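Structure first, commentary second.
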Amino acid sequence: MTCIARALRVFLNLETCPQVKLVLPAGGEKDLLTCHIASETAKIRPYTAAAILRNVRFTQSNYDSFIELQDKLHQNICRKRQLVSIGTHDLDTLKPPFRYEARSPTNINFIPLNKQKSYNGQELMTAYESEKHLARYLHLIRDSPVYPVWYDSNEQVLSLPPIINSEHSKINLNTRNIFIELTALDETKLAIVLNIVCIMFAEYCEVPFTVEPVRLVWPDGKETITPDLSSRAMTASAEYINSCTGVSLSALEISDLLKRMTLEAQPSSSNPDEILVQVPAWRPDILHECDIMEDAAIAYGFNNLPKTFPTTNTVAQQLPVSKLCDVVRREWAYAGWVEVLPLILCSHDENFAWMNRKDDCTQVVKLANPKSQEYQVVRTSLLPGLLKTVRENKAHPLPIKVFETSDIVIKDSTAERETRNIRHAAAVWCNKTAGFEVVHGLFDRIMAMLEVPRIADEKKESAKFGYYLREIDG
């Protein structure tokens, strides 16, 4: 709520956008708190970053907001701690410099947050299995031969990311100096999350909107300083923004709108159509000129944008193939069959080997980098999905009557994308008896509704329109 309130005040021109800046210690850059990263961390969570908030004044309200912000970031941009995990510590209880290492689980011992006794890494995995709020994260490191861990110079554990912090460095309402450490699998998300945490709570420092940076020393000797709160320079065209929104504003007027959206903007002195925009570190959502245009439209007010008729008039209508599919769905549903919607991706075996079909490599579209063996190809038949549906519903009382009308995909070198969608319909009957006559009747029903005549055996060669049944191999 604190962040929303601040953004709203800026939007209403009640205050200007805060300028968050890095402030070095009294001794300058040489006195920066240093963190050493061990090479073994590359095996588990290779990226890390850190920062310090000095002389924070907590109240119960902003303390609860601080904890809530971490939880929300963990669930959203951090992807349930998989991409990034956040640890916050009372700096006054620790002795710098710090070390980020990866050790065998049995060689890590500490008292975790809100516990009374010490555990090693393996014991922690067992202890937290019954705690739902932490059990969901155990799989992230449980099977790894090494666990990531933060130490201070007294060998005191700060945290075991992404699972739990140490009880020793727990923050509370009396905490004044906060050490923030993050570990990650994604370097971009790491920078975004650190900037958000720092910027959102730098307001409560004794000198508001100041953050103390931290020096990181990597295994190869390279040194970096985090966080990077510098803004990004972008440009936008007033003509482009006006054409997209339907308004006629000058570059100066658009700049004023962007300032209400926490963007620093001003018209270019050399080009009257160009707007120079500084995107602050807490706006990672601004990637392209269209994002700047959207912010200008929001500040102007979507309801205030002029309404105009398009230059071309069209009448929407259903595609013929979709209309045909609706007829099939309706009639088969009236006949007591249940429509299912399996996934369009399946494994190679499901599409071929298990269907007694051979892959001649001319039809099937294969995924270049499948995430699992379940999703390797785009189906060339609806039957695998229907049979999987029957398999997963074996407990359902017989008979099972399911159907699907959807697309299959095949290769087509003449098409623009070298693939082609074909609409198919298929049905599966599962019972203790074969029930061929039931499926036969279902097929005859839809042919009758479509007024497609059945062709007698003696007229198969001469008939130009109609349908007949024939036996297939396999």
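Residues are named by chain letter and number: chains run A, B, ... in the order of the structure tokens, numbers start at 1 in each chain, and ligands are numbered from 1 in the order shown.
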Shell of 9 Å around Glu289 in chain A, only C-alpha atoms, local chain residues under 5 positions omitted, as number ranges by chain
A: 234-237, 240-241, 294
Could you tell me, as a VMD selection string, which residues of range 337-429 of chain A DSSP assigns to strand (DSSP E or B) when given the backbone?
chain A and resid 338 to 339 345 to 346 365 to 366 377 to 378 400 to 411 419 to 429
Range 191-201 of chain A: which residues within 8 Å, counting only C-alpha atoms, same-chain residues fewer than 4 positions away excluded, as a ChimeraX atom specification?
/A:3,20,49-51,53,66,69-70,73,77-78,84,182,187,205,209,211,227-229,281-282,284
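The two atoms in question, CA of Gly246 in chain A and CA of Ile298 in chain A, are spaced 13.3 Å apart.
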Find the spatial neighbours of range 100-107 of chain A, counting only C-alpha atoms, within a cut-off of 6 Å - ignore same-chain residues fewer than 6 positions away - and output them as a VMD selection string.
chain A and resid 37 to 38 40 to 41 120 to 122 146 to 150
Tell me which protein, DNA and RNA residues are within 8 Å of range 382-388 of chain A, counting only C-alpha atoms, leaving out same-chain ones fewer than 4 positions away, and put them as a list in words.
Val340, Pro342, Leu343, Ile344, Cys346, Glu350, Asn351, Met355, Glu392, Val402, Phe403, Glu404, Ser406, Ile408, His424, Ala425, Ala426, Ala427 and Val428 of chain A
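Proximity of A:Ser144, A:Asn369, A:Thr48, A:Ser61 to Ile86 in chain A, computed with only C-alpha atoms, is greatest for A:Thr48.
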Among range 224-276 of chain A, which ones does DSSP assign to alpha helix (DSSP H) (computed from the backbone)? Answer as a ChimeraX atom specification.
/A:238-245,251-259
Please write the residues from the selection above to a file, keeping N, CA, C and O atoms, as a PDB file, in the first residue's frame.
ATOM      1  N   ALA A 238       6.603  12.336 -30.288  1.00  0.00           N
ATOM      2  CA  ALA A 238       5.289  12.915 -29.998  1.00  0.00           C
ATOM      3  C   ALA A 238       4.285  12.537 -31.087  1.00  0.00           C
ATOM      4  O   ALA A 238       3.110  12.263 -30.799  1.00  0.00           O
ATOM      5  N   GLU A 239       4.737  12.505 -32.327  1.00  0.00           N
ATOM      6  CA  GLU A 239       3.850  12.133 -33.437  1.00  0.00           C
ATOM      7  C   GLU A 239       3.352  10.698 -33.272  1.00  0.00           C
ATOM      8  O   GLU A 239       2.178  10.406 -33.501  1.00  0.00           O
ATOM      9  N   TYR A 240       4.255   9.794 -32.855  1.00  0.00           N
ATOM     10  CA  TYR A 240       3.866   8.393 -32.653  1.00  0.00           C
ATOM     11  C   TYR A 240       2.838   8.271 -31.531  1.00  0.00           C
ATOM     12  O   TYR A 240       1.822   7.572 -31.662  1.00  0.00           O
ATOM     13  N   ILE A 241       3.075   8.958 -30.426  1.00  0.00           N
ATOM     14  CA  ILE A 241       2.151   8.892 -29.285  1.00  0.00           C
ATOM     15  C   ILE A 241       0.791   9.466 -29.669  1.00  0.00           C
ATOM     16  O   ILE A 241      -0.254   8.901 -29.340  1.00  0.00           O
ATOM     17  N   ASN A 242       0.797  10.576 -30.407  1.00  0.00           N
ATOM     18  CA  ASN A 242      -0.470  11.176 -30.841  1.00  0.00           C
ATOM     19  C   ASN A 242      -1.226  10.276 -31.812  1.00  0.00           C
ATOM     20  O   ASN A 242      -2.455  10.158 -31.743  1.00  0.00           O
ATOM     21  N   SER A 243      -0.489   9.617 -32.696  1.00  0.00           N
ATOM     22  CA  SER A 243      -1.145   8.757 -33.686  1.00  0.00           C
ATOM     23  C   SER A 243      -1.767   7.526 -33.029  1.00  0.00           C
ATOM     24  O   SER A 243      -2.813   7.039 -33.480  1.00  0.00           O
ATOM     25  N   CYS A 244      -1.151   7.035 -31.973  1.00  0.00           N
ATOM     26  CA  CYS A 244      -1.677   5.841 -31.292  1.00  0.00           C
ATOM     27  C   CYS A 244      -2.862   6.173 -30.385  1.00  0.00           C
ATOM     28  O   CYS A 244      -3.760   5.349 -30.201  1.00  0.00           O
ATOM     29  N   THR A 245      -2.856   7.353 -29.812  1.00  0.00           N
ATOM     30  CA  THR A 245      -3.895   7.719 -28.841  1.00  0.00           C
ATOM     31  C   THR A 245      -5.006   8.569 -29.434  1.00  0.00           C
ATOM     32  O   THR A 245      -6.059   8.725 -28.813  1.00  0.00           O
ATOM     33  N   ALA A 251       5.131  18.016 -27.536  1.00  0.00           N
ATOM     34  CA  ALA A 251       6.135  17.236 -26.812  1.00  0.00           C
ATOM     35  C   ALA A 251       6.206  17.667 -25.350  1.00  0.00           C
ATOM     36  O   ALA A 251       6.403  16.832 -24.449  1.00  0.00           O
ATOM     37  N   LEU A 252       6.010  18.972 -25.098  1.00  0.00           N
ATOM     38  CA  LEU A 252       6.045  19.473 -23.719  1.00  0.00           C
ATOM     39  C   LEU A 252       4.862  18.940 -22.915  1.00  0.00           C
ATOM     40  O   LEU A 252       5.022  18.536 -21.754  1.00  0.00           O
ATOM     41  N   GLU A 253       3.688  18.916 -23.525  1.00  0.00           N
ATOM     42  CA  GLU A 253       2.499  18.411 -22.823  1.00  0.00           C
ATOM     43  C   GLU A 253       2.633  16.918 -22.532  1.00  0.00           C
ATOM     44  O   GLU A 253       2.244  16.436 -21.451  1.00  0.00           O
ATOM     45  N   ILE A 254       3.174  16.176 -23.485  1.00  0.00           N
ATOM     46  CA  ILE A 254       3.378  14.741 -23.261  1.00  0.00           C
ATOM     47  C   ILE A 254       4.415  14.520 -22.159  1.00  0.00           C
ATOM     48  O   ILE A 254       4.275  13.614 -21.324  1.00  0.00           O
ATOM     49  N   SER A 255       5.444  15.355 -22.122  1.00  0.00           N
ATOM     50  CA  SER A 255       6.458  15.246 -21.067  1.00  0.00           C
ATOM     51  C   SER A 255       5.833  15.435 -19.689  1.00  0.00           C
ATOM     52  O   SER A 255       6.174  14.710 -18.734  1.00  0.00           O
ATOM     53  N   ASP A 256       4.921  16.377 -19.574  1.00  0.00           N
ATOM     54  CA  ASP A 256       4.244  16.594 -18.293  1.00  0.00           C
ATOM     55  C   ASP A 256       3.411  15.376 -17.890  1.00  0.00           C
ATOM     56  O   ASP A 256       3.334  15.026 -16.711  1.00  0.00           O
ATOM     57  N   LEU A 257       2.791  14.721 -18.862  1.00  0.00           N
ATOM     58  CA  LEU A 257       2.018  13.512 -18.571  1.00  0.00           C
ATOM     59  C   LEU A 257       2.931  12.393 -18.077  1.00  0.00           C
ATOM     60  O   LEU A 257       2.590  11.666 -17.136  1.00  0.00           O
ATOM     61  N   LEU A 258       4.086  12.251 -18.710  1.00  0.00           N
ATOM     62  CA  LEU A 258       5.008  11.181 -18.341  1.00  0.00           C
ATOM     63  C   LEU A 258       5.578  11.396 -16.942  1.00  0.00           C
ATOM     64  O   LEU A 258       5.859  10.424 -16.225  1.00  0.00           O
ATOM     65  N   LYS A 259       5.749  12.649 -16.543  1.00  0.00           N
ATOM     66  CA  LYS A 259       6.249  12.925 -15.194  1.00  0.00           C
ATOM     67  C   LYS A 259       5.270  12.434 -14.133  1.00  0.00           C
ATOM     68  O   LYS A 259       5.670  12.050 -13.034  1.00  0.00           O
TER      69      LYS A 259
END
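Coordinates place CA of Met293 in chain A at a distance of 20.0 Å from CA of Pro310 in chain A.
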Counting only C-alpha atoms, which residue out of A:Lys80, A:Lys401, A:Val327, A:Leu287 sits closest to Met447 in chain A?
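Comparing A:Lys80, A:Lys401, A:Val327, A:Leu287 against Met447 in chain A, the winner is A:Val327.
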List as a PyMOL selection string the protein and nucleic acid residues near Cys430 in chain A, meaning an atom at most 9 Å away when only C-alpha atoms are counted, but skip any in the same chain fewer than 5 places from it.
chain A and resi 390+398-402+435
Dump as an mmCIF file, in the first residue's frame, selection limited to N, CA and C atoms:
data_model
loop_
_atom_site.group_PDB
_atom_site.id
_atom_site.type_symbol
_atom_site.label_atom_id
_atom_site.label_comp_id
_atom_site.auth_asym_id
_atom_site.auth_seq_id
_atom_site.Cartn_x
_atom_site.Cartn_y
_atom_site.Cartn_z
ATOM 1 N N VAL A 390 -9.227 -41.372 -21.883
ATOM 2 C CA VAL A 390 -9.824 -42.619 -21.385
ATOM 3 C C VAL A 390 -8.940 -43.233 -20.307
ATOM 4 N N LEU A 398 -18.471 -47.285 -17.028
ATOM 5 C CA LEU A 398 -18.589 -47.555 -18.457
ATOM 6 C C LEU A 398 -20.038 -47.421 -18.888
ATOM 7 N N PRO A 399 -20.284 -47.105 -20.155
ATOM 8 C CA PRO A 399 -19.292 -46.816 -21.198
ATOM 9 C C PRO A 399 -18.772 -45.390 -21.118
ATOM 10 N N ILE A 400 -17.553 -45.212 -21.624
ATOM 11 C CA ILE A 400 -16.984 -43.871 -21.759
ATOM 12 C C ILE A 400 -17.134 -43.444 -23.219
ATOM 13 N N LYS A 401 -17.813 -42.336 -23.434
ATOM 14 C CA LYS A 401 -18.076 -41.840 -24.796
ATOM 15 C C LYS A 401 -17.541 -40.411 -24.886
ATOM 16 N N VAL A 402 -16.412 -40.231 -25.552
ATOM 17 C CA VAL A 402 -15.788 -38.907 -25.652
ATOM 18 C C VAL A 402 -15.501 -38.577 -27.105
ATOM 19 N N GLY A 435 -18.648 -52.290 -29.465
ATOM 20 C CA GLY A 435 -19.516 -51.159 -29.743
ATOM 21 C C GLY A 435 -19.275 -50.479 -31.070
#
Skip Arg57 in chain A itself and residues of its chain fewer than 3 positions away, then list as a list of chain:residue names all residues within 9 Å of it, counting only C-alpha atoms.
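Once the adjacent positions are removed, what remains is A:Asn62, A:Leu173, A:Asn174, A:Thr175, A:Arg176, A:Tyr204, A:Cys205, A:Glu206.
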Export, as a short mmCIF file (atom, residue, chain, number, x, y, z; two decimals), in the first residue's frame, the selected residues with N, CA and C atoms.
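Contents of selection_34.cif, freshly written:
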data_model
loop_
_atom_site.label_atom_id
_atom_site.label_comp_id
_atom_site.auth_asym_id
_atom_site.auth_seq_id
_atom_site.Cartn_x
_atom_site.Cartn_y
_atom_site.Cartn_z
N ASN A 62 5.04 -0.23 8.83
CA ASN A 62 5.98 -0.37 7.72
C ASN A 62 6.82 -1.64 7.84
N LEU A 173 11.53 -4.85 15.07
CA LEU A 173 11.19 -3.43 15.09
C LEU A 173 12.34 -2.55 15.55
N ASN A 174 13.31 -3.13 16.27
CA ASN A 174 14.44 -2.35 16.77
C ASN A 174 15.63 -2.35 15.82
N THR A 175 15.52 -3.07 14.72
CA THR A 175 16.62 -3.13 13.75
C THR A 175 16.81 -1.75 13.11
N ARG A 176 18.07 -1.33 13.00
CA ARG A 176 18.38 -0.02 12.42
C ARG A 176 19.12 -0.14 11.09
N TYR A 204 12.41 4.99 4.48
CA TYR A 204 12.39 4.95 5.93
C TYR A 204 13.78 5.07 6.55
N CYS A 205 14.78 5.30 5.70
CA CYS A 205 16.12 5.57 6.23
C CYS A 205 16.15 6.96 6.86
N GLU A 206 17.15 7.18 7.73
CA GLU A 206 17.28 8.49 8.39
C GLU A 206 17.44 9.60 7.35
#
Which of these residues is nearest to Ile180 in chain A, using only C-alpha atoms: A:Leu94, A:Ala233, A:Ala202, A:Ile52?
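Answer, going by the shortest atom-to-atom distance: A:Ile52.
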